[in-house]
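First comes the structure, then the notes that go with it.
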Protein chains: 2
Amino acid sequence: MDALFDRHQPTLAAAQKAAQARGYWSAYPEIPSGKIYGETAKDEGLASYNARLGKLFELPAHPATTTVGDEVSPFGPALGITYPASDPETLISASLTAAPQWAAASVETRVGICLEILARLNRLSFEMANAVMNTTGQAFAMAFQAGGPHAQDRGLEAVAYAYTEMVRTPPEATWTKPQGKGEPIVLEKHWRIVPRGISLVIGCQTFPTWNSYPGLFASLATGNTVIVKPHPGAILPLAITISVMREVLSEEGFLPDIVLLAADAPGAEITRDLVQNDAVSLIDYTGSSSFGEWVRNHAGNAQVYTEEAGVNSIVIASTDDFAGMCANIAFSLSLYSGQMCTAPQNIYVPKAGIGSNEGHKSFDDVANGIVAAIDDLLADPARAAGICGAIANPTTMARVESVLSLGKVIRRSAPVAAGEARTATPLILAVQADQTAVYEEERFGPITFIIAVADAADGVGRANSLARRKGAITAALYETDEKRLATAVDAFAASGVNLSINLTGAIFVNQSAAFSDFHVTGANPSGNASLTDAAFVANRFRTVMWRRPKAA
Amino acid sequence: MDALFDRHQPTLAAAQKAAQARGYWSAYPEIPSGKIYGETAKDEGLASYNARLGKLFELPAHPATTTVGDEVSPFGPALGITYPASDPETLISASLTAAPQWAAASVETRVGICLEILARLNRLSFEMANAVMNTTGQAFAMAFQAGGPHAQDRGLEAVAYAYTEMVRTPPEATWTKPQGKGEPIVLEKHWRIVPRGISLVIGCQTFPTWNSYPGLFASLATGNTVIVKPHPGAILPLAITISVMREVLSEEGFLPDIVLLAADAPGAEITRDLVQNDAVSLIDYTGSSSFGEWVRNHAGNAQVYTEEAGVNSIVIASTDDFAGMCANIAFSLSLYSGQMCTAPQNIYVPKAGIGSNEGHKSFDDVANGIVAAIDDLLADPARAAGICGAIANPTTMARVESVLSLGKVIRRSAPVAAGEARTATPLILAVQADQTAVYEEERFGPITFIIAVADAADGVGRANSLARRKGAITAALYETDEKRLATAVDAFAASGVNLSINLTGAIFVNQSAAFSDFHVTGANPSGNASLTDAAFVANRFRTVMWRRPKAA
């Protein structure tokens, strides 16, 4: 039964080592290249995706009392795919039925199965790219990376952390307590890993796999059964994932219902029922802060891990590469049209301007520099489409319109190309520091405020105050003075915000790399958990002992 | 600043090694011997205790708006000690004021201070023994061990686990991402440990130090400020602890308010206000399940770790040492008059009797064997007093009276010696398996039910069903058949109950040894946390990063 573990053990060991060292490492190549994935992989992935359209998604033996499915690609067409669906009680019951078998499996068996699932998902990366692209609106290249290899890396990272924790306590030990001159007391002690129960994973629309895989794989590796509740607008990527999981589980002699799909229809979501079910012991949630708060307040005794929302900031104090800074910020604002949870919204710029390698730059110089860099980046429509993708949710389009009057428009949002209905390049508004009601609210999508502040320290203070009150997942700082930099580092650390400093070139504040960057700290309202640290996995199982006198 | 860390590093390293190996190990000798603690230590400890009676307990610079204190020894006299006391807001404010300094301290500085505190507490073990004895009713020998060295071991264990987690991520790393034929992207990344906020530790009366030290030291080591809320009947042991903590903190240049005492008066407890305060991020609670449920439901976003109550069982299937079994059970029932959270309440015995090395034993034979063993153990009043101690809470005395009619009395409870008002030897009642309303309720104190079940499997089933519904911290099994034993092991593991098998001699189901036995599994309603595993410490801090391009 541990053939899979043995086969993938080198990958696991490398992942453990990488998570410890926290340098660059990846198990799954991020380049959608035929040389890596096979010259026919791209076409086959597209064909597989197309073959699913307009049909029932087959999940053999999955409980189903009805079917649901109403996904529409942000790029236009309806997917027409339906999925097996059940009431919450049916899902809970099926999960409970499957639980004892999975709990009884060895750590190595479970981890081996998780690693095999990840390996097979990697081979499906092109199909997954099409599925993610057409549910999230991500451009193809990003959908491939974030939906495929990067999500798989995050899943592997969670498995590696879970494995490390599970083998930390030995399966058995001899306890020999001296008794002075008498014979010692000698006990044999045995420990086993016991899962918590049912794990509920609630996915989001924008990153259905990347944000779900850590909780999904951490719970599965630690012996829990899992019910995956996708966003109704992005079911397909998780349905494909679950299909692979059930396939591997079945092949290995396990009940496929160890992993279940909780597909539902918009307006008839079953999330609340699942969250409040007493059999659910673990909940992973990615989504809005408002529903996140409801989940945290209604989860009963379940352990809840959340990534919610926040307002990410850039503070510009000074730079020795003004052009590089503007280009870097331009890309961060444009990528997936600001729909990343790591994308900046607020840019704090001293009203008297900043020093730079190009001499003094006024507030307007800085704002115009960023606008010009965006215009330059997105000048070619094809390139713009490849960066911005499409807007996942129509309400985001409406929001871009609704905020126009909130500040001085210094860059208008527009479709990435003529006739591209649901696309939008960054909208940039200039505002004053006292317009807190405008910029202290999360305005999800391609909306950026450039805020005139008293000075850089004022900007750092405002960014941190906001992070503490409303959350922030990332922050960026441009600062050439080491002493002021150190002060800012302390401030962002105290607010629990991961900070990127002086980024130029092909690395961006939005990016969070598995095995090196922890995603979300859990230390401000943007989320209560971190991908992936020990706290994210250690509470997903329990250690139970039996002991007895050791036979002489 | 790290001189303390360096001094105690060998102890820390040994603790980490012991926690990994999980054999027998202890840092603090459990024997109250003059050869170990100094020939004058016992007398000095008593003198120090006596010197505190009838006075204000001095905690220099501790916030205080009033004084409280109404402790009465279960052995008779009122202690007459008063303690500085404040309203919750004053305590929270003082804790927040002290927080930044402690958060900024290095991991090594904080851990070094924790280890120095433990070393000093160890030297106060005789004074602590008197304090614990006269607030809990434990006999002196137990008060010394459980209140002193064993509690210190549990504190050290928590520090060791916390240290292991905090140094798991390196303080810095270089991240080098290849870019095909281009120059790699090279970032320097820095991580720091950030505490959660204020940690509230809610103590219980029966084990004020043993049950509080793990959360207290885990939170302190990870950089949180701590407010300790003792049970109004057992303030002194924690006040002594806090006095030592504030002394060491002050000596090392820290604000003593990093650790605060939240003493309050019976009937005017401030616990609820503290639990519901938004500034409280971590809560450790030991106490009743009913108030535990309230804490869990009103803690907001605070992470809550609980040890609540349960009903512990013994199942007797067969034994190859009938006399040894009866003697072992007799001691477990008598020790501290059943007031340990690990003490058994229910003993399931097949109604047709069991096989033993002395031949067939009927149900009555087994019950009478246990009763006779108790009578024998407690025949000498001085010895009985040394085992049973006194009853901490008058309601426990009343409970012993109130349950008399619930079953067939096969052993009456009595004072351990004539005139010892608040002492009680075990009450044993025989009941039938269908009297679930009688024995499925927790009856805290020296109350045991011997339950006639269909057979051993029925007993295992009932014990586990009860553990899943109402919690159990321990279970014991006497079984000579390896196959049935294995089945029972699986059942108790699935219920999250630590199981002791065939114990005879000087090792008891009640005992939980630091560095080897996890106390409470967190996998049934008797508690949601375990002393001490990674899950108990890993969520008490966060890891925050800053990164920037690495200078060439």
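A note on labels: chains of the structure tokens are A, B, ... as shown, every chain counts residues from 1, and ligands are counted from 1 in their shown order.
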Exercise for review: Compute the set of chain A residues within 6 Å of chain B, using only C-alpha atoms, and express it as a list of chain:residue names.
Suggested key: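 Only these qualify: A:Gly23, A:Tyr24, A:Thr174, A:Trp175, A:Thr176, A:Lys177, A:Ala493, A:Gly496, A:Asn498, A:Leu499, A:Ser500, A:Ile501, A:Ala535, A:Ala538, A:Asn539, A:Val544, A:Met545, A:Trp546, A:Arg547, A:Arg548.
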So which residues touch Thr425 (chain A) within 8 Å, counting only C-alpha atoms, skipping near sequence neighbours fewer than 3 positions away, as a compact mmCIF listing (two decimals) with N, CA and C atoms, in the first residue's frame?
```txt
# COMPACT_ATOMS: atom_id res chain seq x y z
N SER A 334 -1.87 46.09 -12.85
CA SER A 334 -2.54 45.60 -14.06
C SER A 334 -2.82 44.10 -14.03
N SER A 337 -6.08 42.48 -13.57
CA SER A 337 -6.92 43.65 -13.28
C SER A 337 -7.18 43.85 -11.80
N CYS A 388 -4.04 41.52 -18.18
CA CYS A 388 -5.23 41.89 -17.40
C CYS A 388 -6.25 40.75 -17.30
N SER A 413 -10.23 53.79 -16.58
CA SER A 413 -10.25 52.37 -16.91
C SER A 413 -10.86 52.21 -18.30
N ALA A 414 -10.43 51.20 -19.03
CA ALA A 414 -10.96 50.96 -20.37
C ALA A 414 -10.88 49.47 -20.66
N PRO A 415 -11.64 49.00 -21.63
CA PRO A 415 -11.45 47.61 -22.05
C PRO A 415 -10.02 47.41 -22.56
N VAL A 416 -9.50 46.21 -22.39
CA VAL A 416 -8.13 45.97 -22.85
C VAL A 416 -8.03 46.05 -24.37
N PRO A 446 -9.80 46.63 -10.45
CA PRO A 446 -8.72 47.49 -10.98
C PRO A 446 -8.92 48.95 -10.58
```
Review point. What lies within 10 Å of region 259-262 of chain A using only C-alpha atoms, ignoring chain neighbours under 5 positions off, as a ChimeraX atom specification?
Key: /A:59,62-64,83-88,91-92,94-95,98-99,198-202,216,220,224-232,235,238-239,241-243,245-246,249,269-271,274
Exercise for review: May I have the residues within 8 Å of region 308-322 of chain B as a PyMOL selection string, using only C-alpha atoms and disregarding those fewer than 2 positions away in the same chain?
Suggested key: chain B and resi 285-289+292+306+324-326+341-350+354-358+440-442+455-456+459-460+463+466-467+470-481+502+504+525-527
Practice item. Once DSSP has gone over the backbone, tell me which residues of region 206-313 of chain A are in helix (DSSP H, G or I), as a PyMOL selection string. Key: chain A and resi 213-221+236-251+256-258+271-276+289-298
Practice item. Apply DSSP to the backbone of this structure and, from region 240-339 of chain B, keep only the residues in strand (DSSP E or B); write these as JSON, numbers by chain. Key: {"B": [259, 260, 261, 265, 268, 280, 281, 282, 283, 284, 285, 286, 303, 304, 305, 306, 307, 313, 314, 315, 316, 318, 319]}
